[in-house]
There are 2 protein chains.
Amino acid sequence: MKELSSLQVAIVGVGLIGGSLARALKAAGVTREIVGMSRKPETLNKALELGVIDRGETQAAAVGPVDILVIATPVRAVPDIMHAFAPHLSAESTVTDVGSVKTFVCEAAERHLGDARSRFVPGHPIAGTEHAGVEASFASLFENRTVILTPEEDVSGTALETVDAMWRLAGASVVRMDPRRHDELLAATSHLPHMVAYALVNCLARHPQAEELFRLAAGGFYDFTRIASSDPLMWRDIGSTNAGPLIESMKTFRAELDALIEALETRDEEALHRTFAGAKQARDLGLARKNGDR
Amino acid sequence: MKELSSLQVAIVGVGLIGGSLARALKAAGVTREIVGMSRKPETLNKALELGVIDRGETQAAAVGPVDILVIATPVRAVPDIMHAFAPHLSAESTVTDVGSVKTFVCEAAERHLGDARSRFVPGHPIAGTEHAGVEASFASLFENRTVILTPEEDVSGTALETVDAMWRLAGASVVRMDPRRHDELLAATSHLPHMVAYALVNCLARHPQAEELFRLAAGGFYDFTRIASSDPLMWRDIGSTNAGPLIESMKTFRAELDALIEALETRDEEALHRTFAGAKQARDLGLARKNGDR
């Protein structure tokens, strides 16, 4: 593992993920300066007050030379940020991002990063909460979490080692994957569940007795729909930039749903039981394996 | 409120709900004897060992006179249990149940309870966990929870007061509702989410890379699908006995899902954002109101 120290780090988008990464790197004592960048001065002021960043800037040109540039904005903003930073990156700068969709940012790097393209290491920490903003950030967010890196074959070895080491310092384990494969897997495990949660909450919200439904709903309903309180802008971007794999996942899910509706319509109790028991077994096993990995 | 004391209580089905009610009534000090009934002697032995019940029986005839008979089995078993107990109930016995579907048990009472029909007060505690069995039971399960009672218009006032008082002793608040209305509301707030969670887990389980998907899935996925670990037999019964309202809810949900798929297919970002933001707002408001009620 590459040893990191005295790093000049710029983090664009100082929200839950960017803020938590800044806190984790500070806690690890490897940074000379963390520069936060945001379009919103109030975000920068809050991050400065909280001690999450050392300096705040609203323009790429003002950030100065960086060892690592971390793009931690909603996915759709990534191309513009790459475009703005490209002229200011040195031959030593490593670039990474934290977006939930990877083919989109890989294509953006191809178009906008110029020479820095080979030092771009796309990343995705599988971590988060339903809360947004720098106020919600905390240094241990990535501990024992997985970060998926999806670099091209011809990526700079140094850049890859740098990003790998950065995430290990934050407490995460790192795996490498093809970006298309990442987007398909994440569509199933994360993007689909969010769509389902949003659709489910809207079902109740549009019911004539919505208020009574929300009052009657058990704690289980609020646990189940917790992810529907996630940032709508972030999810608009994920939906629109990973639409292909996500639509595929949603159609597979709809087929499952249709099969259940048919089993209910025909009162096919054996099919109902088989479906429920199979799901319970798969989830319990998946959870046990996951906990066993820890 | 009717004062309860020195009650002879029979609880049929000593699982999570029946066991927790037994524990709560014991803690309240209002019972003379709690008789547990189950087809399985091993369940009764465990309940006796845990001190949840005072006596265990496998036959209705052996239970003896009761002040309150609580039927806490999966819903589909309720008619047979009513049929078995009807000849043994006195004119003083109150009968209630805890099932998640109410029109089905009301019809069963009509057919099977004979003279005790007017002393039947159908009930549904909105409480539970994904764990099943008497080992998972605990006395505070119903504290600050809502119990819905769905008696007929001509129900005995004494029986209604008895069941109402029993649940208040367990720490719950009680509301009264028409059984058909109950089944429609619960289809939306509870039965639909369970179907969705089961379908979602099966989507991943049937994926060619299922094992990797379950390993990669974030904590949020396991929170989201926690209810898919619920008892498959219980949910088979709920599905088959509340199929009508549940199918309606599932079709409404499918329409929401189809609208989202269309917004993704047409890259209608405004529709995506509107959908996600509306759901977030509705859930956050519902949760705040619910917490405010406490």
# chains A, B, ... in the order shown; residues from 1 in each chain; ligands from 1

call {"tool": "closest_atom_pairs", "arguments": {"of": "chain B", "to": "chain A", "cutoff": "6 Å", "atoms": "only C-alpha atoms", "output": "CSV"}}
result
residue,atom,partner,partner_atom,distance
B:Thr189,CA,A:Ala217,CA,5.3
B:Tyr198,CA,A:Ala279,CA,5.5
B:Ala199,CA,A:Glu256,CA,5.5
B:Val201,CA,A:Ala279,CA,5.5
B:Asn202,CA,A:Ala279,CA,5.3
B:Cys203,CA,A:Phe253,CA,5.8
B:Phe214,CA,A:Gly286,CA,5.2
B:Arg215,CA,A:Lys290,CA,5.6
B:Ala217,CA,A:Thr189,CA,5.3
B:Phe224,CA,A:Phe224,CA,4.5
B:Ala228,CA,A:Lys280,CA,5.5
B:Ser229,CA,A:Lys280,CA,4.4
B:Pro232,CA,A:Phe276,CA,5.0
B:Arg236,CA,A:His273,CA,5.4
B:Ser240,CA,A:Arg267,CA,5.8
B:Ala243,CA,A:Leu264,CA,5.8
B:Phe253,CA,A:Cys203,CA,5.8
B:Glu256,CA,A:Ala199,CA,5.5
B:Leu257,CA,A:Ala199,CA,5.9
B:Leu264,CA,A:Ala243,CA,5.7
B:Arg267,CA,A:Ser240,CA,5.8
B:Leu272,CA,A:Arg236,CA,5.6
B:His273,CA,A:Arg236,CA,5.4
B:Phe276,CA,A:Pro232,CA,5.0
B:Ala277,CA,A:Pro232,CA,5.2
B:Ala279,CA,A:Asn202,CA,5.3
B:Lys280,CA,A:Ser229,CA,4.4
B:Gly286,CA,A:Phe214,CA,5.2
B:Lys290,CA,A:Arg215,CA,5.6

call {"tool": "residues_around", "arguments": {"residues": "region 97-100 of chain A", "least_positions_apart": "2", "cutoff": "7 Å", "atoms": "only C-alpha atoms", "output": "list of chain:residue names"}}
result
A:Val70, A:Ile71, A:Ala72, A:Pro74, A:Val75, A:Lys102, A:Pro122, A:Gly123, A:His124, A:Pro125, A:Ile238

call {"tool": "select_by_dssp", "arguments": {"residues": "region 7-167 of chain A", "states": "strand (DSSP E or B)", "output": "PyMOL selection string"}}
result
chain A and resi 7-12+31-37+55-57+68-71+94-97+120-121+123-125+146-149

call {"tool": "write_last_selection", "arguments": {"atoms": "C-alpha atoms", "output": "CSV table (one decimal), in the first residue's frame"}}
result
chain,number,residue,atom,x,y,z
A,7,LEU,CA,-1.6,15.5,1.2
A,8,GLN,CA,-3.2,18.5,-0.5
A,9,VAL,CA,-6.8,17.3,-0.9
A,10,ALA,CA,-9.7,19.1,-2.7
A,11,ILE,CA,-13.2,17.8,-2.1
A,12,VAL,CA,-16.0,19.1,-4.4
A,31,THR,CA,-3.5,15.9,5.1
A,32,ARG,CA,-1.7,19.1,4.8
A,33,GLU,CA,-4.8,21.0,3.7
A,34,ILE,CA,-8.4,20.0,2.8
A,35,VAL,CA,-10.0,22.5,0.5
A,36,GLY,CA,-13.7,22.2,0.2
A,37,MET,CA,-15.5,23.4,-2.9
A,55,ARG,CA,-10.4,26.3,3.3
A,56,GLY,CA,-13.5,26.8,1.2
A,57,GLU,CA,-13.7,27.9,-2.5
A,68,ILE,CA,-6.1,14.3,-4.8
A,69,LEU,CA,-9.3,15.8,-6.2
A,70,VAL,CA,-12.4,14.0,-4.9
A,71,ILE,CA,-15.6,14.8,-6.7
A,94,THR,CA,-5.0,12.0,-8.8
A,95,VAL,CA,-8.8,12.4,-9.5
A,96,THR,CA,-11.6,10.3,-8.1
A,97,ASP,CA,-15.3,10.5,-7.4
A,120,PHE,CA,-8.9,9.1,-12.8
A,121,VAL,CA,-9.9,6.3,-10.5
A,123,GLY,CA,-14.9,5.1,-6.9
A,124,HIS,CA,-18.1,4.3,-5.1
A,125,PRO,CA,-18.3,3.8,-1.3
A,146,THR,CA,-16.8,-1.7,0.9
A,147,VAL,CA,-15.6,0.8,-1.7
A,148,ILE,CA,-15.8,-0.3,-5.3
A,149,LEU,CA,-13.2,1.2,-7.7

call {"tool": "select_by_dssp", "arguments": {"residues": "region 13-243 of chain A", "states": "alpha helix (DSSP H)", "output": "JSON, numbers by chain"}}
result
{"A": [16, 17, 18, 19, 20, 21, 22, 23, 24, 25, 26, 27, 28, 41, 42, 43, 44, 45, 46, 47, 48, 49, 78, 79, 80, 81, 82, 83, 84, 85, 103, 104, 105, 106, 107, 108, 109, 110, 111, 112, 157, 158, 159, 160, 161, 162, 163, 164, 165, 166, 167, 168, 169, 179, 180, 181, 182, 183, 184, 185, 186, 192, 193, 194, 195, 196, 197, 198, 199, 200, 201, 202, 203, 204, 205, 210, 211, 212, 213, 214, 215, 216, 219, 220, 221, 222, 223, 224, 232, 233, 234, 235, 236, 237, 238, 239, 240, 241, 243]}

call {"tool": "write_last_selection", "arguments": {"atoms": "C-alpha atoms", "output": "tab-separated table (two decimals), in the first residue's frame"}}
result
chain	number	residue	atom	x	y	z
A	16	LEU	CA	-22.61	13.57	3.79
A	17	ILE	CA	-20.02	11.63	1.77
A	18	GLY	CA	-17.53	14.42	1.02
A	19	GLY	CA	-17.73	15.73	4.58
A	20	SER	CA	-17.32	12.27	6.11
A	21	LEU	CA	-14.30	11.54	3.90
A	22	ALA	CA	-12.74	14.88	4.91
A	23	ARG	CA	-13.29	14.05	8.58
A	24	ALA	CA	-11.83	10.54	8.16
A	25	LEU	CA	-8.70	11.82	6.37
A	26	LYS	CA	-8.21	14.51	9.02
A	27	ALA	CA	-8.59	11.91	11.74
A	28	ALA	CA	-5.95	9.78	9.99
A	41	PRO	CA	-20.88	29.72	0.30
A	42	GLU	CA	-23.19	28.77	3.23
A	43	THR	CA	-22.20	25.11	2.84
A	44	LEU	CA	-18.52	26.09	2.92
A	45	ASN	CA	-19.06	28.29	5.97
A	46	LYS	CA	-20.80	25.47	7.80
A	47	ALA	CA	-18.03	23.01	6.85
A	48	LEU	CA	-15.39	25.50	8.07
A	49	GLU	CA	-17.28	26.07	11.34
A	78	VAL	CA	-19.51	15.47	-12.40
A	79	PRO	CA	-18.88	16.32	-16.10
A	80	ASP	CA	-18.98	20.09	-15.48
A	81	ILE	CA	-16.66	19.77	-12.51
A	82	MET	CA	-14.19	17.71	-14.52
A	83	HIS	CA	-14.34	20.30	-17.25
A	84	ALA	CA	-13.70	23.13	-14.78
A	85	PHE	CA	-10.78	21.38	-13.05
A	103	THR	CA	-20.21	4.21	-16.65
A	104	PHE	CA	-21.56	7.77	-16.73
A	105	VAL	CA	-18.56	9.23	-14.89
A	106	CYS	CA	-16.10	7.11	-16.92
A	107	GLU	CA	-17.55	8.57	-20.13
A	108	ALA	CA	-17.41	12.05	-18.61
A	109	ALA	CA	-13.71	11.59	-17.77
A	110	GLU	CA	-13.04	10.50	-21.33
A	111	ARG	CA	-14.59	13.71	-22.65
A	112	HIS	CA	-13.58	16.26	-20.05
A	157	GLY	CA	-0.74	2.54	-11.11
A	158	THR	CA	0.20	5.39	-8.79
A	159	ALA	CA	-3.24	6.96	-9.01
A	160	LEU	CA	-4.91	3.62	-8.32
A	161	GLU	CA	-2.67	3.01	-5.29
A	162	THR	CA	-3.37	6.50	-3.99
A	163	VAL	CA	-7.16	6.12	-4.09
A	164	ASP	CA	-6.94	2.59	-2.71
A	165	ALA	CA	-4.79	3.81	0.20
A	166	MET	CA	-7.08	6.78	0.84
A	167	TRP	CA	-10.12	4.57	1.34
A	168	ARG	CA	-8.23	2.08	3.50
A	169	LEU	CA	-7.19	4.98	5.73
A	179	PRO	CA	-17.92	-0.07	-14.42
A	180	ARG	CA	-20.74	-1.71	-16.43
A	181	ARG	CA	-20.85	-4.61	-14.00
A	182	HIS	CA	-20.91	-2.15	-11.09
A	183	ASP	CA	-23.88	-0.32	-12.55
A	184	GLU	CA	-25.82	-3.55	-13.10
A	185	LEU	CA	-25.14	-4.88	-9.60
A	186	LEU	CA	-25.92	-1.56	-7.93
A	192	LEU	CA	-34.12	-0.64	-7.44
A	193	PRO	CA	-34.86	-0.68	-3.67
A	194	HIS	CA	-34.89	3.13	-3.67
A	195	MET	CA	-37.35	3.24	-6.59
A	196	VAL	CA	-39.54	0.68	-4.82
A	197	ALA	CA	-39.48	2.64	-1.55
A	198	TYR	CA	-40.35	5.91	-3.28
A	199	ALA	CA	-43.20	4.22	-5.20
A	200	LEU	CA	-44.54	2.58	-2.05
A	201	VAL	CA	-44.62	5.80	-0.06
A	202	ASN	CA	-46.37	7.58	-2.95
A	203	CYS	CA	-49.01	4.83	-2.98
A	204	LEU	CA	-49.95	5.78	0.55
A	205	ALA	CA	-49.47	9.52	0.02
A	210	ALA	CA	-53.36	9.23	3.46
A	211	GLU	CA	-53.13	10.90	6.85
A	212	GLU	CA	-54.79	7.98	8.63
A	213	LEU	CA	-52.60	5.48	6.75
A	214	PHE	CA	-49.38	7.19	7.81
A	215	ARG	CA	-50.64	7.37	11.40
A	216	LEU	CA	-51.64	3.69	11.47
A	219	GLY	CA	-42.73	1.06	12.89
A	220	GLY	CA	-41.92	-1.59	10.29
A	221	PHE	CA	-43.36	0.61	7.56
A	222	TYR	CA	-41.12	3.51	8.56
A	223	ASP	CA	-38.07	1.24	8.73
A	224	PHE	CA	-38.99	-0.20	5.35
A	232	PRO	CA	-34.42	13.51	-4.24
A	233	LEU	CA	-31.85	15.38	-6.36
A	234	MET	CA	-29.22	12.72	-5.81
A	235	TRP	CA	-31.71	10.03	-6.79
A	236	ARG	CA	-32.95	11.94	-9.82
A	237	ASP	CA	-29.34	11.94	-11.01
A	238	ILE	CA	-28.79	8.25	-10.26
A	239	GLY	CA	-32.03	7.36	-12.04
A	240	SER	CA	-31.30	9.36	-15.15
A	241	THR	CA	-27.62	8.36	-15.44
A	243	ALA	CA	-31.57	4.39	-16.47

call {"tool": "atom_distance", "arguments": {"atom1": "CA of Ser5 (chain B)", "atom2": "CA of Arg39 (chain B)"}}
result
28.4 Å

call {"tool": "atom_distance", "arguments": {"atom1": "CA of Arg176 (chain B)", "atom2": "CA of Thr150 (chain B)"}}
result
5.8 Å

call {"tool": "closest_residue", "arguments": {"among": "B:Val30, B:Pro87, B:Leu50, B:Gly114", "to": "Glu135 (chain B)", "atoms": "only C-alpha atoms"}}
result
B:Leu50

call {"tool": "residues_around", "arguments": {"residues": "Ser90 (chain A)", "least_positions_apart": "5", "cutoff": "9 Å", "atoms": "only C-alpha atoms", "output": "list in words"}}
result
Pro65, Val66, Asp67 and Ala116 of chain A
